[in-house]
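Colleague: Got input_36.csv for you, CSV, C-alpha atoms and all ligand atoms:
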chain,number,residue,atom,x,y,z
V,287,MET,CA,-9.9,-4.7,-17.7
V,288,GLU,CA,-13.0,-5.4,-15.7
V,289,TYR,CA,-13.9,-3.2,-12.8
V,290,VAL,CA,-16.4,-2.2,-10.1
V,291,ALA,CA,-17.6,1.4,-10.0
V,292,ILE,CA,-17.8,3.2,-6.6
V,293,VAL,CA,-20.1,6.3,-6.9
V,294,PRO,CA,-20.1,8.6,-3.8
V,295,ALA,CA,-23.5,10.3,-3.8
V,296,ALA,CA,-23.9,10.9,0.0
V,297,GLY,CA,-23.1,14.7,0.1
V,298,SER,CA,-25.7,17.4,0.9
V,299,GLY,CA,-24.9,19.8,-1.9
V,300,ARG,CA,-24.5,22.7,0.5
V,301,ARG,CA,-22.9,25.0,-2.1
V,302,MET,CA,-25.8,24.4,-4.5
V,303,GLY,CA,-28.2,25.9,-2.0
V,304,ALA,CA,-31.1,23.7,-3.1
V,305,SER,CA,-33.6,22.2,-0.6
V,306,LYS,CA,-32.3,18.7,-1.3
V,307,ASN,CA,-29.1,16.8,-2.3
V,308,LYS,CA,-28.0,18.4,-5.6
V,309,LEU,CA,-27.7,14.9,-7.1
V,310,LEU,CA,-31.5,14.6,-7.0
V,311,LEU,CA,-32.0,17.7,-9.1
V,312,SER,CA,-32.9,17.1,-12.7
V,313,ILE,CA,-31.3,18.1,-15.9
V,314,PHE,CA,-34.0,17.9,-18.6
V,315,GLY,CA,-36.2,15.7,-16.4
V,316,LYS,CA,-33.5,13.2,-15.4
V,317,PRO,CA,-31.9,13.2,-11.9
V,318,LEU,CA,-28.3,14.3,-12.1
V,319,PHE,CA,-26.8,11.1,-10.5
V,320,ILE,CA,-28.5,8.9,-13.1
V,321,TYR,CA,-26.5,10.4,-16.0
V,322,SER,CA,-23.2,8.9,-14.9
V,323,LEU,CA,-24.7,5.7,-13.6
V,324,GLN,CA,-26.1,5.1,-17.1
V,325,VAL,CA,-22.5,5.2,-18.5
V,326,PHE,CA,-21.5,2.5,-16.1
V,327,GLU,CA,-24.7,0.5,-16.7
V,328,GLU,CA,-23.9,0.4,-20.4
V,329,ASP,CA,-20.2,-0.4,-20.1
V,330,PRO,CA,-19.7,-4.2,-20.5
V,331,LEU,CA,-16.4,-4.0,-18.5
V,332,CYS,CA,-18.3,-2.6,-15.4
V,333,LYS,CA,-19.2,-5.6,-13.3
V,334,GLY,CA,-21.1,-3.8,-10.6
V,335,ILE,CA,-21.8,-0.4,-9.0
V,336,VAL,CA,-21.5,0.5,-5.3
V,337,LEU,CA,-23.6,3.6,-4.7
V,338,VAL,CA,-22.9,5.5,-1.5
V,339,VAL,CA,-25.9,7.3,-0.2
V,340,ASN,CA,-27.4,9.4,2.6
V,341,GLU,CA,-30.1,7.6,4.6
V,342,LYS,CA,-32.5,10.5,3.8
V,343,ASP,CA,-32.0,10.1,0.1
V,344,ARG,CA,-32.1,6.3,0.0
V,345,ARG,CA,-35.7,5.9,-1.0
V,346,GLU,CA,-35.7,8.6,-3.7
V,347,MET,CA,-32.5,7.2,-5.2
V,348,GLU,CA,-33.8,3.6,-5.2
V,349,GLU,CA,-36.9,4.8,-7.0
V,350,ALA,CA,-34.8,6.5,-9.7
V,351,LEU,CA,-32.7,3.4,-10.1
V,352,ARG,CA,-35.9,1.4,-10.8
V,353,LEU,CA,-37.3,4.0,-13.1
V,354,TYR,CA,-34.2,4.2,-15.2
V,355,ARG,CA,-33.6,0.5,-15.1
V,356,ILE,CA,-30.1,0.7,-13.5
V,357,LYS,CA,-29.5,-3.0,-12.7
V,358,LYS,CA,-25.8,-3.1,-11.8
V,359,VAL,CA,-26.0,-1.5,-8.4
V,360,GLN,CA,-24.9,-4.3,-6.0
V,361,ALA,CA,-25.1,-2.3,-2.9
V,362,LEU,CA,-26.4,1.0,-1.6
V,363,VAL,CA,-24.0,1.8,1.2
V,364,ARG,CA,-24.5,4.5,3.9
V,365,GLY,CA,-22.0,7.4,3.4
V,366,GLY,CA,-19.8,9.1,6.0
V,367,LYS,CA,-19.1,12.6,7.2
V,368,GLU,CA,-16.7,13.6,4.4
V,369,ARG,CA,-16.4,12.4,0.9
V,370,GLN,CA,-13.3,10.3,1.8
V,371,HIS,CA,-15.3,8.4,4.5
V,372,SER,CA,-18.0,7.7,2.0
V,373,VAL,CA,-15.6,6.3,-0.6
V,374,TYR,CA,-14.0,4.2,2.1
V,375,GLU,CA,-17.4,2.7,3.0
V,376,GLY,CA,-18.0,2.0,-0.7
V,377,LEU,CA,-14.6,0.3,-1.0
V,378,LYS,CA,-15.3,-1.9,2.0
V,379,ALA,CA,-18.5,-3.1,0.4
V,380,VAL,CA,-16.8,-4.4,-2.8
V,381,LYS,CA,-16.9,-8.2,-2.8
V,382,GLU,CA,-14.4,-8.9,-5.5
V,383,ALA,CA,-12.6,-6.7,-8.0
V,384,SER,CA,-9.2,-6.4,-9.6
V,385,ALA,CA,-9.8,-2.7,-10.4
V,386,VAL,CA,-12.1,0.0,-9.1
V,387,VAL,CA,-13.2,3.2,-10.8
V,388,ILE,CA,-14.2,5.9,-8.3
V,389,HIS,CA,-16.5,8.5,-9.8
V,390,ASP,CA,-18.4,11.4,-8.2
V,391,GLY,CA,-22.1,11.2,-8.6
V,392,ALA,CA,-21.8,15.0,-9.2
V,393,ARG,CA,-20.0,14.6,-12.6
V,394,PRO,CA,-22.8,13.5,-15.0
V,395,PHE,CA,-20.8,13.9,-18.2
V,396,VAL,CA,-18.1,11.2,-18.0
V,397,GLU,CA,-17.7,9.2,-21.2
V,398,ARG,CA,-17.0,5.5,-21.9
V,399,LYS,CA,-13.8,6.4,-23.8
V,400,GLN,CA,-12.4,8.2,-20.7
V,401,ILE,CA,-13.0,5.1,-18.5
V,402,GLU,CA,-11.2,2.9,-21.1
V,403,ASP,CA,-8.2,5.3,-21.2
V,404,LEU,CA,-8.0,5.3,-17.4
V,405,LEU,CA,-8.2,1.5,-17.2
V,406,SER,CA,-5.4,1.1,-19.8
V,407,ALA,CA,-3.3,3.4,-17.5
V,408,VAL,CA,-4.2,1.3,-14.5
V,409,GLU,CA,-3.0,-1.9,-16.2
V,410,LYS,CA,0.5,-0.3,-16.5
V,411,HIS,CA,0.7,2.0,-13.4
V,412,GLU,CA,-2.0,0.7,-10.9
V,413,ALA,CA,-3.3,4.2,-10.3
V,414,ALA,CA,-4.6,6.8,-12.8
V,415,VAL,CA,-6.8,10.0,-12.7
V,416,LEU,CA,-8.5,12.1,-15.4
V,417,ALA,CA,-7.2,15.6,-15.7
V,418,VAL,CA,-7.3,18.7,-18.0
V,419,PRO,CA,-4.8,21.5,-18.3
V,420,VAL,CA,-5.5,24.6,-16.2
V,421,LYS,CA,-6.7,27.4,-18.4
V,422,ASP,CA,-6.4,30.4,-16.1
V,423,THR,CA,-3.3,31.7,-14.5
V,424,VAL,CA,-3.1,30.4,-10.9
V,425,LYS,CA,-1.5,32.3,-8.1
V,426,ARG,CA,-1.0,31.6,-4.4
V,427,ALA,CA,-2.2,34.3,-2.1
V,428,GLU,CA,-2.6,35.2,1.5
V,429,GLY,CA,-4.4,38.1,3.3
V,430,GLY,CA,-5.5,39.6,-0.1
V,431,PHE,CA,-2.0,39.8,-1.6
V,432,ILE,CA,-0.2,37.5,-4.1
V,433,LEU,CA,2.6,35.3,-2.8
V,434,GLU,CA,3.6,33.7,-6.1
V,435,THR,CA,2.5,32.9,-9.6
V,436,LEU,CA,2.5,29.2,-10.3
V,437,GLU,CA,4.0,27.8,-13.6
V,438,ARG,CA,0.8,27.1,-15.5
V,439,SER,CA,2.2,24.5,-17.9
V,440,SER,CA,2.7,22.1,-15.0
V,441,LEU,CA,-0.8,22.6,-13.5
V,442,TRP,CA,-3.7,20.2,-14.1
V,443,MET,CA,-7.3,20.2,-12.8
V,444,ILE,CA,-8.0,16.8,-11.5
V,445,GLN,CA,-11.4,15.2,-12.1
V,446,THR,CA,-13.0,11.9,-11.4
V,447,PRO,CA,-13.2,9.1,-12.4
V,448,GLN,CA,-10.0,7.9,-10.7
V,449,ALA,CA,-9.1,4.3,-11.1
V,450,PHE,CA,-6.9,2.0,-9.1
V,451,THR,CA,-6.1,-1.7,-8.5
V,452,TYR,CA,-8.4,-2.7,-5.7
V,453,PRO,CA,-5.8,-3.8,-3.1
V,454,LEU,CA,-3.8,-0.5,-3.6
V,455,ILE,CA,-6.7,1.9,-3.1
V,456,LEU,CA,-8.1,-0.1,-0.1
V,457,GLU,CA,-4.7,0.0,1.6
V,458,ALA,CA,-4.4,3.7,0.8
V,459,HIS,CA,-7.7,4.4,2.5
V,460,ARG,CA,-6.8,2.2,5.5
V,461,LYS,CA,-3.6,4.0,5.9
V,462,ALA,CA,-5.2,7.5,5.6
V,463,GLU,CA,-7.7,6.5,8.3
V,464,ARG,CA,-5.0,5.2,10.6
V,465,ASP,CA,-3.0,8.4,10.2
V,466,GLY,CA,-6.0,10.7,10.4
V,467,PHE,CA,-5.2,12.1,6.9
V,468,LEU,CA,-8.1,13.7,5.0
V,469,GLY,CA,-7.5,14.3,1.3
V,470,THR,CA,-9.8,16.0,-1.3
V,471,ASP,CA,-9.4,13.1,-3.7
V,472,ASP,CA,-8.5,9.5,-3.7
V,473,ALA,CA,-5.3,9.8,-5.7
V,474,SER,CA,-3.8,12.0,-2.9
V,475,LEU,CA,-4.1,9.0,-0.5
V,476,VAL,CA,-2.1,6.9,-2.9
V,477,GLU,CA,0.4,9.7,-3.6
V,478,ARG,CA,1.3,9.9,0.1
V,479,MET,CA,2.3,6.2,0.0
V,480,GLY,CA,5.0,7.3,-2.4
V,481,LYS,CA,3.3,5.6,-5.3
V,482,LYS,CA,3.1,7.2,-8.8
V,483,VAL,CA,-0.3,8.1,-10.2
V,484,ALA,CA,-0.7,8.5,-13.9
V,485,LEU,CA,-2.4,11.5,-15.4
V,486,VAL,CA,-4.8,10.7,-18.2
V,487,PRO,CA,-6.0,13.7,-20.4
V,488,GLY,CA,-9.8,14.1,-20.1
V,489,ASN,CA,-12.1,16.8,-21.4
V,490,TYR,CA,-13.6,20.0,-20.2
V,491,ASP,CA,-17.2,18.7,-20.5
V,492,ASN,CA,-16.6,16.5,-17.5
V,493,ILE,CA,-17.6,19.2,-15.0
V,494,LYS,CA,-18.6,18.8,-11.4
V,495,ILE,CA,-22.0,20.2,-10.6
V,496,THR,CA,-21.2,22.3,-7.5
V,497,THR,CA,-23.1,25.7,-7.7
V,498,ALA,CA,-26.3,26.8,-9.3
V,499,GLU,CA,-24.7,28.1,-12.5
V,500,ASP,CA,-23.3,24.6,-13.2
V,501,LEU,CA,-26.9,23.6,-13.9
V,502,TYR,CA,-27.2,25.8,-17.0
V,503,PHE,CA,-23.7,24.7,-18.2
V,504,SER,CA,-25.1,21.2,-17.9
V,505,GLU,CA,-28.1,21.9,-20.1
V,506,ALA,CA,-25.7,23.3,-22.7
V,507,ILE,CA,-23.6,20.1,-22.6
V,508,VAL,CA,-26.7,17.9,-22.9
V,509,LYS,CA,-27.9,20.0,-25.9
V,510,LYS,CA,-24.5,19.8,-27.6
V,511,ARG,CA,-24.5,16.0,-27.2
V,512,LYS,CA,-28.0,15.7,-28.7
V,513,LEU,CA,-26.9,17.7,-31.7
V,514,GLU,CA,-23.7,15.6,-32.1
V,515,ARG,CA,-25.8,12.4,-32.1
V,516,ILE,CA,-28.1,13.7,-34.8
V,517,ASP,CA,-25.2,14.7,-37.1
F,1,LIG,N1,-20.0,13.0,-1.1
F,1,LIG,C1,-20.2,11.9,-0.4
F,1,LIG,N2,-20.2,11.9,1.0
F,1,LIG,C2,-19.9,13.1,1.6
F,1,LIG,C3,-19.6,14.3,0.9
F,1,LIG,C4,-19.7,14.2,-0.5
F,1,LIG,O1,-20.5,10.8,-1.0
F,1,LIG,N3,-19.8,13.1,2.9
F,1,LIG,C5,-20.1,13.0,-2.6
F,1,LIG,C6,-21.1,14.0,-3.2
F,1,LIG,O2,-22.4,13.4,-3.2
F,1,LIG,C7,-20.5,14.2,-4.6
F,1,LIG,C8,-19.0,13.9,-4.4
F,1,LIG,O3,-18.9,13.3,-3.2
F,1,LIG,O4,-21.1,13.3,-5.5
F,1,LIG,C9,-18.2,15.2,-4.5
F,1,LIG,O5,-18.6,16.1,-3.5
F,1,LIG,P1,-19.1,17.6,-3.6
F,1,LIG,O6,-19.2,18.0,-5.0
F,1,LIG,O7,-18.4,18.4,-2.7
F,1,LIG,O8,-20.7,17.4,-3.2
F,1,LIG,P2,-21.3,17.9,-1.8
F,1,LIG,O9,-20.4,17.6,-0.7
F,1,LIG,O10,-22.7,17.2,-1.8
F,1,LIG,O11,-21.5,19.4,-2.0
F,1,LIG,P3,-21.0,20.6,-1.0
F,1,LIG,O12,-19.5,20.4,-0.7
F,1,LIG,O13,-21.3,21.9,-1.7
F,1,LIG,O14,-21.9,20.4,0.2
F,2,MG,MG,-18.4,18.5,-0.5
Could I get this file's structure written as structure tokens?
Ligand code: CTP
Ligand code: MG

Modeller:
Amino acid sequence: MEYVAIVPAAGSGRRMGASKNKLLLSIFGKPLFIYSLQVFEEDPLCKGIVLVVNEKDRREMEEALRLYRIKKVQALVRGGKERQHSVYEGLKAVKEASAVVIHDGARPFVERKQIEDLLSAVEKHEAAVLAVPVKDTVKRAEGGFILETLERSSLWMIQTPQAFTYPLILEAHRKAERDGFLGTDDASLVERMGKKVALVPGNYDNIKITTAEDLYFSEAIVKKRKLERID
């Protein structure tokens, strides 16, 4: 199934504490956001990329796109206040697509196989997200005391990419805006329409770069991949 990729990259990376958007930080010399764009660039099913950016990062990002020869970016769209607003701006800029794959610029280690698995699920169910089982015990708490222990076997950590048929996700974002609903991922906007979202097992390497220690985890993942390629 062919698709358009929407990549929100318009955050500020507050929790990283760097002097610029964390997506412009480099891992082994290459800007973080370029890693995942290369996966889309090389995937023949990806017909175009909509990159959602901050005005202050636009020039530096455009330069990196040229340097790494990323040619599929159809539009660099200005982001909004929250991630959800940025994704919505990206969706509105899509000219034509049967499916869209929404993927955070902050997850550099997505793999082609995972995108393929997601798209197969979208063909059947219209909406699908990558997820991995929760490893730790998760409890709900308030005021420093535990309220309850959640049943771990039913808990999943949800990642991006998340993929949808284009009309469905556009409608979900429209409705969320109308209702003043703000979710932390795109699937939640589809869930609240009463629509089922399929879970597609992903892998633990697909981390989101959020705080400074994630940068050294990233280096370890890049090194591991280089070794795997040599073998
Ligand atoms: N994002 C965006 N527009 C926003 C906020 C976030 O496009 N208004 C993007 C980020 O650039 C990132 C993804 O959404 O690729 C996930 O967000 P997150 O990891 O929270 O990044 P930041 O919001 O930049 O980081 P922080 O929350 O620490 O400030
Ligand atoms: Mg954020």

Colleague: Report the closest atom pair, with its distance in Å rounded to one decimal, for each residue of chain V that has an atom no farther than 8 Å from ligand MG 2 (chain F); count all atoms listed in the file, sort by chain and then rising residue number, and write it as JSON lines.

Modeller:
{"residue": "V:Gly297", "atom": "CA", "partner": "F:MG2", "partner_atom": "MG", "distance": 6.1}
{"residue": "V:Ser298", "atom": "CA", "partner": "F:MG2", "partner_atom": "MG", "distance": 7.5}
{"residue": "V:Gly299", "atom": "CA", "partner": "F:MG2", "partner_atom": "MG", "distance": 6.8}
{"residue": "V:Arg300", "atom": "CA", "partner": "F:MG2", "partner_atom": "MG", "distance": 7.5}
{"residue": "V:Glu368", "atom": "CA", "partner": "F:MG2", "partner_atom": "MG", "distance": 7.1}
{"residue": "V:Arg369", "atom": "CA", "partner": "F:MG2", "partner_atom": "MG", "distance": 6.6}

Colleague: Using only C-alpha atoms and all ligand atoms, which residues of the polymer chains come no farther than 7 Å from ligand LIG 1 (chain F)? I'd like the answer as a list in words.

Modeller: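 Going residue by residue within 7 Å of ligand LIG 1 (chain F), we get Pro294, Ala295, Ala296, Gly297, Ser298, Gly299, Arg300, Arg301, Met302, Asn307, Lys308, Leu309, Val338, Val339, Gly365, Gly366, Lys367, Glu368, Arg369, His371, Ser372, Val373, Asp390, Gly391, Ala392, Lys494, Ile495 and Thr496 of chain V.
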
Colleague: Can you tell me how far atom CA of Pro447 of chain V sits from atom CA of Val415 of chain V, in Å to one decimal?

Modeller: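 Atom-to-atom, atom CA of Pro447 of chain V and atom CA of Val415 of chain V are spaced 6.5 Å apart.
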
Colleague: Which distance in Å separates atom CA of Leu441 of chain V and atom CA of Ala407 of chain V, to one decimal?

Modeller: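 Going from atom CA of Leu441 of chain V over to atom CA of Ala407 of chain V, I get 19.8 Å.
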
Colleague: How many Å separate atom CA of Lys358 of chain V from atom CA of Val386 of chain V?

Modeller: 14.3 Å

Colleague: The residues within 10 Å of (-8.5, 0.2, -16.6), using only C-alpha atoms and the coordinates of the file, should be reported as a VMD selection string; which are they?

Modeller: chain V and resid 287 to 289 331 384 to 387 400 to 414 448 to 451

Colleague: Given all atoms listed in the file as the basis, pick out the residue of V:Val293, V:Leu311, V:Ile444, V:Leu362 nearest to Asp500 of chain V.

Modeller: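 Result for the nearest residue to Asp500 of chain V: V:Leu311.
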
Colleague: Could you pull the residues within 10 Å of Lys421 of chain V, counting all atoms listed in the file, minus those fewer than 6 positions along the same chain, as a ChimeraX atom specification?

Modeller: /V:438-439,441-443

Colleague: Excluding Thr423 of chain V and residues on its chain fewer than 6 positions from it, collect all residues at most 9 Å away from it, counting all atoms listed in the file, and give them as an NGL selection string.

Modeller: :V and (435-438)

Colleague: Would you write out those residues with C-alpha atoms, as an mmCIF file, in the frame of the given file?

Modeller:
data_model
loop_
_atom_site.group_PDB
_atom_site.id
_atom_site.type_symbol
_atom_site.label_atom_id
_atom_site.label_comp_id
_atom_site.auth_asym_id
_atom_site.auth_seq_id
_atom_site.Cartn_x
_atom_site.Cartn_y
_atom_site.Cartn_z
ATOM 1 C CA THR V 435 2.500 32.900 -9.600
ATOM 2 C CA LEU V 436 2.500 29.200 -10.300
ATOM 3 C CA GLU V 437 4.000 27.800 -13.600
ATOM 4 C CA ARG V 438 0.800 27.100 -15.500
#

Colleague: Can you work out which one of V:Met347, V:Ala473, V:Ala427, V:Ile507 has the shortest atom-to-atom distance to Phe314 of chain V, counting all atoms listed in the file?

Modeller: V:Ile507

Colleague: Would it be fine to have segment 371-420 of chain V, with C-alpha atoms, given as a compact mmCIF listing (two decimals), in the first residue's frame?

Modeller:
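Generated output (decode39.txt):
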# COMPACT_ATOMS: atom_id res chain seq x y z
CA HIS V 371 -1.56 20.75 16.10
CA SER V 372 1.63 20.10 14.15
CA VAL V 373 0.35 16.76 12.85
CA TYR V 374 -2.94 18.37 11.84
CA GLU V 375 -1.08 21.04 9.86
CA GLY V 376 0.88 18.24 8.17
CA LEU V 377 -2.29 16.33 7.32
CA LYS V 378 -3.88 19.40 5.76
CA ALA V 379 -0.86 19.78 3.47
CA VAL V 380 -1.24 16.27 1.98
CA LYS V 381 -2.42 16.59 -1.60
CA GLU V 382 -3.46 13.05 -2.28
CA ALA V 383 -3.03 9.81 -0.35
CA SER V 384 -4.96 6.67 0.44
CA ALA V 385 -2.87 6.06 3.57
CA VAL V 386 -0.64 8.19 5.77
CA VAL V 387 2.14 7.09 8.11
CA ILE V 388 2.68 9.54 10.97
CA HIS V 389 6.12 9.27 12.51
CA ASP V 390 7.89 11.41 15.13
CA GLY V 391 11.12 12.96 13.94
CA ALA V 392 12.42 12.03 17.38
CA ARG V 393 12.38 8.25 16.66
CA PRO V 394 15.38 7.69 14.43
CA PHE V 395 15.40 3.88 14.50
CA VAL V 396 12.19 2.89 12.73
CA GLU V 397 12.69 0.05 10.21
CA ARG V 398 11.15 -0.59 6.78
CA LYS V 399 9.76 -3.94 7.97
CA GLN V 400 7.77 -2.20 10.73
CA ILE V 401 6.23 0.21 8.23
CA GLU V 402 5.27 -2.74 6.01
CA ASP V 403 3.64 -4.54 8.95
CA LEU V 404 1.69 -1.40 9.85
CA LEU V 405 0.43 -0.92 6.30
CA SER V 406 -0.77 -4.53 6.10
CA ALA V 407 -2.78 -3.87 9.25
CA VAL V 408 -4.17 -0.63 7.78
CA GLU V 409 -5.41 -2.50 4.72
CA LYS V 410 -7.57 -4.62 7.02
CA HIS V 411 -8.40 -2.28 9.90
CA GLU V 412 -7.86 1.33 8.64
CA ALA V 413 -5.82 2.27 11.73
CA ALA V 414 -2.72 0.67 13.26
CA VAL V 415 0.06 1.57 15.70
CA LEU V 416 3.41 0.02 16.59
CA ALA V 417 3.71 -1.15 20.17
CA VAL V 418 5.90 -3.21 22.50
CA PRO V 419 4.90 -5.00 25.72
CA VAL V 420 5.54 -3.06 28.93
